[in-house]
file entry.pdb (PDB, C-alpha atoms)
MODEL        1
ATOM      1  CA  GLY E   1      -5.069  -4.260   6.910
ATOM      2  CA  ALA E   2      -4.112  -6.837   9.573
ATOM      3  CA  GLY E   3      -1.173  -4.786  10.852
ATOM      4  CA  VAL E   4       1.650  -7.157   9.882
ATOM      5  CA  SER E   5       3.690  -4.649   7.855
ATOM      6  CA  THR E   6       2.971  -2.006  10.501
ATOM      7  CA  GLN E   7       4.354  -4.318  13.172
ATOM      8  CA  VAL E   8       7.483  -5.019  11.088
ATOM      9  CA  LEU E   9       8.055  -1.297  10.510
ATOM     10  CA  TYR E  10       7.548  -0.553  14.214
ATOM     11  CA  ASP E  11       9.213  -3.534  15.950
ATOM     12  CA  GLU E  12      11.894  -4.591  13.482
ATOM     13  CA  MET E  13      12.826  -1.400  11.645
ATOM     14  CA  GLY E  14      12.376   1.228  14.370
ATOM     15  CA  TYR E  15       9.773   3.446  12.730
ATOM     16  CA  THR E  16       7.518   4.833  15.442
ATOM     17  CA  THR E  17       5.228   7.263  13.622
ATOM     18  CA  ILE E  18       3.180   5.204  11.181
ATOM     19  CA  ASP E  19       0.052   5.782   9.125
ATOM     20  CA  ALA E  20      -1.570   2.478   8.173
ATOM     21  CA  LEU E  21      -4.541   2.203   5.870
ATOM     22  CA  ASP E  22      -6.948  -0.242   4.336
ATOM     23  CA  TRP E  23     -10.319   0.316   2.738
ATOM     24  CA  SER E  24     -11.781  -2.221   5.180
ATOM     25  CA  GLY E  25     -11.042  -1.927   8.871
ATOM     26  CA  ASP E  26     -12.153  -5.487   9.690
ATOM     27  CA  ALA E  27      -8.705  -7.139   9.749
ATOM     28  CA  TRP E  28      -7.167  -4.214  11.676
ATOM     29  CA  ASP E  29      -9.981  -4.334  14.231
ATOM     30  CA  ILE E  30      -9.641  -8.095  14.803
ATOM     31  CA  ASN E  31      -5.834  -8.396  14.753
ATOM     32  CA  VAL E  32      -4.729  -5.079  16.249
ATOM     33  CA  ILE E  33      -7.540  -3.566  18.301
ATOM     34  CA  GLN E  34      -9.165  -6.710  19.718
ATOM     35  CA  ASN E  35      -6.198  -9.089  19.881
ATOM     36  CA  GLY E  36      -3.154  -6.864  19.880
ATOM     37  CA  TYR E  37      -1.715  -3.527  20.851
ATOM     38  CA  CYS E  38      -1.505  -0.284  18.917
ATOM     39  CA  PRO E  39       0.927   2.430  20.078
ATOM     40  CA  SER E  40      -0.508   5.950  20.100
ATOM     41  CA  SER E  41       1.965   6.999  17.374
ATOM     42  CA  VAL E  42       0.371   4.546  14.910
ATOM     43  CA  HIS E  43      -2.734   5.806  13.150
ATOM     44  CA  PHE E  44      -5.094   3.649  11.113
ATOM     45  CA  TYR E  45      -7.147   5.139   8.299
ATOM     46  CA  GLU E  46     -10.075   3.114   6.998
ATOM     47  CA  LEU E  47      -9.548   4.422   3.478
ATOM     48  CA  ASP E  48      -8.384   3.100   0.135
ATOM     49  CA  ASP E  49      -5.121   4.536  -1.175
ATOM     50  CA  GLU E  50      -6.814   6.984  -3.546
ATOM     51  CA  ARG E  51      -9.012   8.502  -0.825
ATOM     52  CA  PHE E  52      -5.968   8.656   1.467
ATOM     53  CA  TYR E  53      -3.957  10.385  -1.268
ATOM     54  CA  LYS E  54      -6.647  13.095  -1.503
ATOM     55  CA  LEU E  55      -6.660  13.461   2.296
ATOM     56  CA  TRP E  56      -2.851  13.692   2.317
ATOM     57  CA  LYS E  57      -2.861  16.441  -0.337
ATOM     58  CA  THR E  58      -5.675  18.526   1.148
ATOM     59  CA  SER E  59      -4.401  18.180   4.736
ATOM     60  CA  HIS E  60      -0.823  19.072   3.741
ATOM     61  CA  MET E  61       0.524  16.038   5.574
ATOM     62  CA  ASP E  62       4.263  15.433   5.796
ATOM     63  CA  PRO E  63       6.022  13.183   3.268
ATOM     64  CA  TYR E  64       6.897   9.633   4.244
ATOM     65  CA  ASP E  65      10.217   7.885   4.782
ATOM     66  CA  VAL E  66       8.713   4.534   3.776
ATOM     67  CA  ILE E  67       5.588   3.425   1.922
ATOM     68  CA  VAL E  68       4.656  -0.256   1.642
ATOM     69  CA  PHE E  69       1.881  -1.515  -0.626
ATOM     70  CA  ASN E  70       0.475  -4.931   0.268
ATOM     71  CA  PHE E  71      -1.607  -5.257  -2.877
ATOM     72  CA  ALA E  72      -0.750  -5.174  -6.560
ATOM     73  CA  VAL E  73      -0.526  -1.752  -8.199
ATOM     74  CA  ASN E  74       0.031  -0.526 -11.714
ATOM     75  CA  PRO E  75       3.455   1.019 -12.424
ATOM     76  CA  SER E  76       1.944   4.504 -12.760
ATOM     77  CA  LYS E  77       0.482   4.393  -9.236
ATOM     78  CA  ALA E  78       3.756   3.217  -7.701
ATOM     79  CA  LEU E  79       5.623   6.055  -9.433
ATOM     80  CA  LYS E  80       3.016   8.637  -8.429
ATOM     81  CA  PHE E  81       3.172   7.676  -4.758
ATOM     82  CA  ALA E  82       6.984   7.500  -4.776
ATOM     83  CA  LYS E  83       7.464  10.883  -6.436
ATOM     84  CA  GLU E  84       4.768  12.749  -4.535
ATOM     85  CA  LEU E  85       4.524  11.190  -1.067
ATOM     86  CA  LEU E  86       8.110  10.218  -0.206
ATOM     87  CA  THR E  87      10.738  12.380   1.466
ATOM     88  CA  LYS E  88      13.021  13.528  -1.326
ATOM     89  CA  ASP E  89      16.391  12.624   0.197
ATOM     90  CA  HIS E  90      15.823   9.127   1.607
ATOM     91  CA  GLY E  91      12.240   7.973   0.997
ATOM     92  CA  LEU E  92      11.592   4.398  -0.185
ATOM     93  CA  LEU E  93       8.523   2.640  -1.576
ATOM     94  CA  LEU E  94       8.137  -1.155  -1.691
ATOM     95  CA  ALA E  95       5.337  -2.520  -3.855
ATOM     96  CA  PRO E  96       4.250  -5.501  -5.934
ATOM     97  CA  VAL E  97       3.932  -3.801  -9.320
ATOM     98  CA  ASN E  98       2.071  -5.363 -12.231
ATOM     99  CA  THR E  99       4.453  -6.601 -14.913
ATOM    100  CA  GLN E 100       2.025  -5.078 -17.433
ATOM    101  CA  THR E 101      -0.518  -2.336 -16.832
ATOM    102  CA  ASP E 102      -3.818  -3.825 -15.643
ATOM    103  CA  TYR E 103      -2.453  -7.393 -15.732
ATOM    104  CA  TRP E 104      -3.278  -8.610 -12.213
ATOM    105  CA  LEU E 105      -1.850 -12.144 -12.473
ATOM    106  CA  LYS E 106       1.894 -11.343 -12.167
ATOM    107  CA  GLN E 107       3.822  -8.685 -10.302
ATOM    108  CA  THR E 108       7.430  -7.710  -9.757
ATOM    109  CA  TYR E 109       8.425  -6.582  -6.295
ATOM    110  CA  VAL E 110      10.122  -3.202  -6.657
ATOM    111  CA  LEU E 111      11.863  -0.795  -4.308
ATOM    112  CA  LEU E 112      11.665   2.783  -5.578
ATOM    113  CA  ASN E 113      13.251   5.980  -4.316
ATOM    114  CA  ALA E 114      11.533   9.377  -4.370
ATOM    115  CA  GLN E 115      12.749  10.036  -7.902
ATOM    116  CA  GLY E 116      11.022   6.853  -9.110
ATOM    117  CA  THR E 117      14.277   4.997  -9.707
ATOM    118  CA  ILE E 118      14.118   1.228  -9.170
ATOM    119  CA  LEU E 119      16.733   0.361  -6.551
ATOM    120  CA  TRP E 120      15.865  -3.349  -6.308
ATOM    121  CA  SER E 121      13.396  -5.747  -7.891
ATOM    122  CA  ALA E 122      12.423  -9.422  -7.758
ATOM    123  CA  ASN E 123      10.155 -11.338 -10.118
ATOM    124  CA  ASP E 124      10.167 -14.424  -7.941
ATOM    125  CA  VAL E 125      10.614 -14.921  -4.223
ATOM    126  CA  GLY E 126      12.166 -18.328  -3.741
ATOM    127  CA  ALA E 127      10.158 -20.749  -5.861
ATOM    128  CA  TRP E 128       7.081 -18.508  -5.859
ATOM    129  CA  SER E 129       6.052 -15.967  -8.454
ATOM    130  CA  VAL E 130       5.022 -12.649  -6.992
ATOM    131  CA  GLN E 131       1.228 -12.362  -7.089
ATOM    132  CA  PHE E 132      -0.852 -10.160  -4.822
ATOM    133  CA  GLN E 133      -4.517  -9.277  -4.657
ATOM    134  CA  PRO E 134      -5.439  -6.572  -7.193
ATOM    135  CA  ASP E 135      -5.905  -2.865  -6.515
ATOM    136  CA  VAL E 136      -9.633  -2.594  -5.737
ATOM    137  CA  THR E 137      -9.726   1.034  -6.879
ATOM    138  CA  GLN E 138      -8.987   0.107 -10.501
ATOM    139  CA  ASP E 139     -11.835  -0.518 -12.931
ATOM    140  CA  THR E 140      -9.847  -3.440 -14.377
ATOM    141  CA  CYS E 141      -9.701  -5.256 -11.002
ATOM    142  CA  GLN E 142     -10.700  -8.917 -11.514
ATOM    143  CA  GLY E 143     -11.643 -11.770  -9.218
ATOM    144  CA  ILE E 144     -13.020 -12.329  -5.742
ATOM    145  CA  TRP E 145     -10.840  -9.567  -4.240
ATOM    146  CA  CYS E 146     -12.611  -6.996  -6.419
ATOM    147  CA  PRO E 147     -15.977  -5.252  -6.535
ATOM    148  CA  PRO E 148     -18.740  -6.317  -6.516
ATOM    149  CA  TYR E 149     -17.652  -9.477  -4.654
ATOM    150  CA  ASN E 150     -15.733  -7.874  -1.771
ATOM    151  CA  GLY E 151     -18.040  -5.013  -0.763
ATOM    152  CA  PHE E 152     -15.716  -2.193  -1.907
ATOM    153  CA  LYS E 153     -17.478   0.933  -3.175
ATOM    154  CA  LYS E 154     -15.519   3.181  -5.537
ATOM    155  CA  GLN E 155     -15.730   6.891  -4.765
TER
ENDMDL
END
call {"tool": "encode", "arguments": {"input": "entry.pdb", "output": "structure tokens"}}
result
Amino acid sequence: GAGVSTQVLYDEMGYTTIDALDWSGDAWDINVIQNGYCPSSVHFYELDDERFYKLWKTSHMDPYDVIVFNFAVNPSKALKFAKELLTKDHGLLLAPVNTQTDYWLKQTYVLLNAQGTILWSANDVGAWSVQFQPDVTQDTCQGIWCPPYNGFKKQ
């Protein structure tokens, strides 16, 4: 939501057409709109991933070369997004995936292709275990990052 992965994709990796999304636009507004720069080829959607998925399907949007999740997801969601939203020949998805379904306290970083094959994974990054904030759209979401504490309203 703060535009960091968008900036990496744009500045460091050369992707120029980017759709960024977060259910809350607050961090994007502060870090990108007010205190940064947003190229016209970068579009921000103030939507959670499930609402964006519905928009993508109904609008017949193009598949993506790269998808990056910056919150923990269950394995089934990572596979769904990889298989349905990525370009078939070279699409990649990077996500912190729960080591067990609905277990939000430990993730494995995975890189998936459009067929859902794991191309790379890491349980730890340096001395740190991989742990991200939970997927707010899941009913099993726990902690301060989750409803009702964070203001997110499920559709």
call {"tool": "resolve_selection", "arguments": {"input": "entry.pdb", "expression": "the PyMOL selection byres ((chain E and resi 135) around 6)", "output": "list in words"}}
result
Ala72, Val73, Pro134, Val136, Thr137 and Gln138 of chain E
call {"tool": "write_last_selection", "arguments": {"input": "entry.pdb", "atoms": "C-alpha atoms", "output": "PDB file, keeping the file's coordinate frame"}}
result
ATOM      1  CA  ALA E  72      -0.750  -5.174  -6.560  1.00  0.00           C
ATOM      2  CA  VAL E  73      -0.526  -1.752  -8.199  1.00  0.00           C
ATOM      3  CA  PRO E 134      -5.439  -6.572  -7.193  1.00  0.00           C
ATOM      4  CA  VAL E 136      -9.633  -2.594  -5.737  1.00  0.00           C
ATOM      5  CA  THR E 137      -9.726   1.034  -6.879  1.00  0.00           C
ATOM      6  CA  GLN E 138      -8.987   0.107 -10.501  1.00  0.00           C
TER       7      GLN E 138
END
call {"tool": "residues_around", "arguments": {"input": "entry.pdb", "residues": "stretch 148-152 of chain E", "least_positions_apart": "3", "cutoff": "8 Å", "atoms": "all atoms listed in the file", "output": "list in words"}}
result
Trp23, Val136, Gly143, Ile144 and Trp145 of chain E
call {"tool": "resolve_selection", "arguments": {"input": "entry.pdb", "expression": "the PyMOL selection byres ((chain E and resi 62-64) around 9)", "output": "PDB file with C-alpha atoms, in the frame of the given file"}}
result
ATOM      1  CA  TRP E  56      -2.851  13.692   2.317  1.00  0.00           C
ATOM      2  CA  HIS E  60      -0.823  19.072   3.741  1.00  0.00           C
ATOM      3  CA  MET E  61       0.524  16.038   5.574  1.00  0.00           C
ATOM      4  CA  ASP E  65      10.217   7.885   4.782  1.00  0.00           C
ATOM      5  CA  VAL E  66       8.713   4.534   3.776  1.00  0.00           C
ATOM      6  CA  ILE E  67       5.588   3.425   1.922  1.00  0.00           C
ATOM      7  CA  GLU E  84       4.768  12.749  -4.535  1.00  0.00           C
ATOM      8  CA  LEU E  85       4.524  11.190  -1.067  1.00  0.00           C
ATOM      9  CA  LEU E  86       8.110  10.218  -0.206  1.00  0.00           C
ATOM     10  CA  THR E  87      10.738  12.380   1.466  1.00  0.00           C
ATOM     11  CA  LYS E  88      13.021  13.528  -1.326  1.00  0.00           C
ATOM     12  CA  GLY E  91      12.240   7.973   0.997  1.00  0.00           C
ATOM     13  CA  LEU E  92      11.592   4.398  -0.185  1.00  0.00           C
TER      14      LEU E  92
END
call {"tool": "closest_residue", "arguments": {"input": "entry.pdb", "among": "E:Ser76, E:Gln142, E:Asn35, E:Thr6", "to": "E:Trp104", "atoms": "all atoms listed in the file"}}
result
E:Gln142
call {"tool": "residues_around", "arguments": {"input": "entry.pdb", "residues": "stretch 38-52 of chain E", "least_positions_apart": "4", "cutoff": "7 Å", "atoms": "all atoms listed in the file", "output": "list in words"}}
result
Thr16, Thr17, Ile18, Asp19, Ala20, Leu21, Asp22, Trp23, Ser24, Gly25, Val32, Ile33 and Trp56 of chain E
call {"tool": "atom_distance", "arguments": {"input": "entry.pdb", "atom1": "atom CA of E:Thr108", "atom2": "atom CA of E:Ser5"}}
result
18.3 Å
call {"tool": "atom_distance", "arguments": {"input": "entry.pdb", "atom1": "atom CA of E:Pro75", "atom2": "atom CA of E:Ala114"}}
result
14.1 Å
call {"tool": "axis_aligned_box", "arguments": {"input": "entry.pdb", "around": "stretch 79-87 of chain E", "padding_each_side": "4 Å", "output": "AutoDock Vina command-line options"}}
result
--center_x 6.9 --center_y 9.4 --center_z -4.0 --size_x 15.7 --size_y 14.7 --size_z 18.9
call {"tool": "build_atoms", "arguments": {"input": "entry.pdb", "residues": "stretch 58-82 of chain E", "atoms": "N, CA, C and O atoms", "output": "tab-separated table (two decimals), in the coordinates of the input"}}
result
chain	number	residue	atom	x	y	z
E	58	THR	N	-4.87	17.41	0.63
E	58	THR	CA	-5.68	18.53	1.15
E	58	THR	C	-5.31	18.88	2.58
E	58	THR	O	-5.50	20.03	3.00
E	59	SER	N	-4.79	17.92	3.33
E	59	SER	CA	-4.40	18.18	4.74
E	59	SER	C	-2.96	18.64	4.86
E	59	SER	O	-2.51	18.93	5.97
E	60	HIS	N	-2.24	18.66	3.75
E	60	HIS	CA	-0.82	19.07	3.74
E	60	HIS	C	-0.01	18.26	4.74
E	60	HIS	O	0.76	18.79	5.53
E	61	MET	N	-0.20	16.95	4.69
E	61	MET	CA	0.52	16.04	5.57
E	61	MET	C	1.98	15.95	5.14
E	61	MET	O	2.32	16.24	4.00
E	62	ASP	N	2.83	15.56	6.07
E	62	ASP	CA	4.26	15.43	5.80
E	62	ASP	C	4.53	14.26	4.86
E	62	ASP	O	3.78	13.28	4.85
E	63	PRO	N	5.63	14.33	4.10
E	63	PRO	CA	6.02	13.18	3.27
E	63	PRO	C	6.50	12.03	4.14
E	63	PRO	O	6.82	12.20	5.32
E	64	TYR	N	6.56	10.86	3.53
E	64	TYR	CA	6.90	9.63	4.24
E	64	TYR	C	8.32	9.17	3.95
E	64	TYR	O	8.83	9.34	2.86
E	65	ASP	N	8.92	8.53	4.96
E	65	ASP	CA	10.22	7.88	4.78
E	65	ASP	C	10.06	6.56	4.06
E	65	ASP	O	10.91	6.17	3.26
E	66	VAL	N	8.96	5.86	4.35
E	66	VAL	CA	8.71	4.53	3.78
E	66	VAL	C	7.23	4.39	3.46
E	66	VAL	O	6.38	4.77	4.25
E	67	ILE	N	6.95	3.81	2.29
E	67	ILE	CA	5.59	3.42	1.92
E	67	ILE	C	5.65	1.97	1.48
E	67	ILE	O	6.52	1.59	0.70
E	68	VAL	N	4.72	1.15	2.00
E	68	VAL	CA	4.66	-0.26	1.64
E	68	VAL	C	3.25	-0.55	1.14
E	68	VAL	O	2.26	-0.31	1.84
E	69	PHE	N	3.15	-1.04	-0.08
E	69	PHE	CA	1.88	-1.52	-0.63
E	69	PHE	C	1.82	-3.02	-0.41
E	69	PHE	O	2.76	-3.74	-0.73
E	70	ASN	N	0.68	-3.50	0.09
E	70	ASN	CA	0.48	-4.93	0.27
E	70	ASN	C	-0.62	-5.44	-0.66
E	70	ASN	O	-1.35	-6.37	-0.34
E	71	PHE	N	-0.73	-4.80	-1.80
E	71	PHE	CA	-1.61	-5.26	-2.88
E	71	PHE	C	-0.97	-4.81	-4.18
E	71	PHE	O	-0.14	-3.90	-4.21
E	72	ALA	N	-1.34	-5.48	-5.25
E	72	ALA	CA	-0.75	-5.17	-6.56
E	72	ALA	C	-1.18	-3.79	-7.04
E	72	ALA	O	-2.34	-3.41	-6.88
E	73	VAL	N	-0.23	-3.07	-7.63
E	73	VAL	CA	-0.53	-1.75	-8.20
E	73	VAL	C	0.07	-1.66	-9.61
E	73	VAL	O	1.02	-2.36	-9.93
E	74	ASN	N	-0.53	-0.81	-10.40
E	74	ASN	CA	0.03	-0.53	-11.71
E	74	ASN	C	1.29	0.32	-11.56
E	74	ASN	O	1.44	1.04	-10.56
E	75	PRO	N	2.22	0.24	-12.52
E	75	PRO	CA	3.46	1.02	-12.42
E	75	PRO	C	3.22	2.52	-12.23
E	75	PRO	O	3.93	3.16	-11.46
E	76	SER	N	2.21	3.06	-12.87
E	76	SER	CA	1.94	4.50	-12.76
E	76	SER	C	1.58	4.91	-11.34
E	76	SER	O	1.97	5.99	-10.87
E	77	LYS	N	0.85	4.06	-10.61
E	77	LYS	CA	0.48	4.39	-9.24
E	77	LYS	C	1.71	4.32	-8.33
E	77	LYS	O	1.91	5.20	-7.48
E	78	ALA	N	2.54	3.32	-8.51
E	78	ALA	CA	3.76	3.22	-7.70
E	78	ALA	C	4.64	4.45	-7.90
E	78	ALA	O	5.14	5.04	-6.93
E	79	LEU	N	4.81	4.86	-9.14
E	79	LEU	CA	5.62	6.06	-9.43
E	79	LEU	C	5.01	7.32	-8.85
E	79	LEU	O	5.71	8.16	-8.29
E	80	LYS	N	3.71	7.46	-8.97
E	80	LYS	CA	3.02	8.64	-8.43
E	80	LYS	C	3.23	8.74	-6.92
E	80	LYS	O	3.61	9.80	-6.41
E	81	PHE	N	3.01	7.65	-6.22
E	81	PHE	CA	3.17	7.68	-4.76
E	81	PHE	C	4.63	7.91	-4.36
E	81	PHE	O	4.91	8.64	-3.42
E	82	ALA	N	5.56	7.31	-5.09
E	82	ALA	CA	6.98	7.50	-4.78
E	82	ALA	C	7.39	8.96	-4.98
E	82	ALA	O	8.02	9.56	-4.11
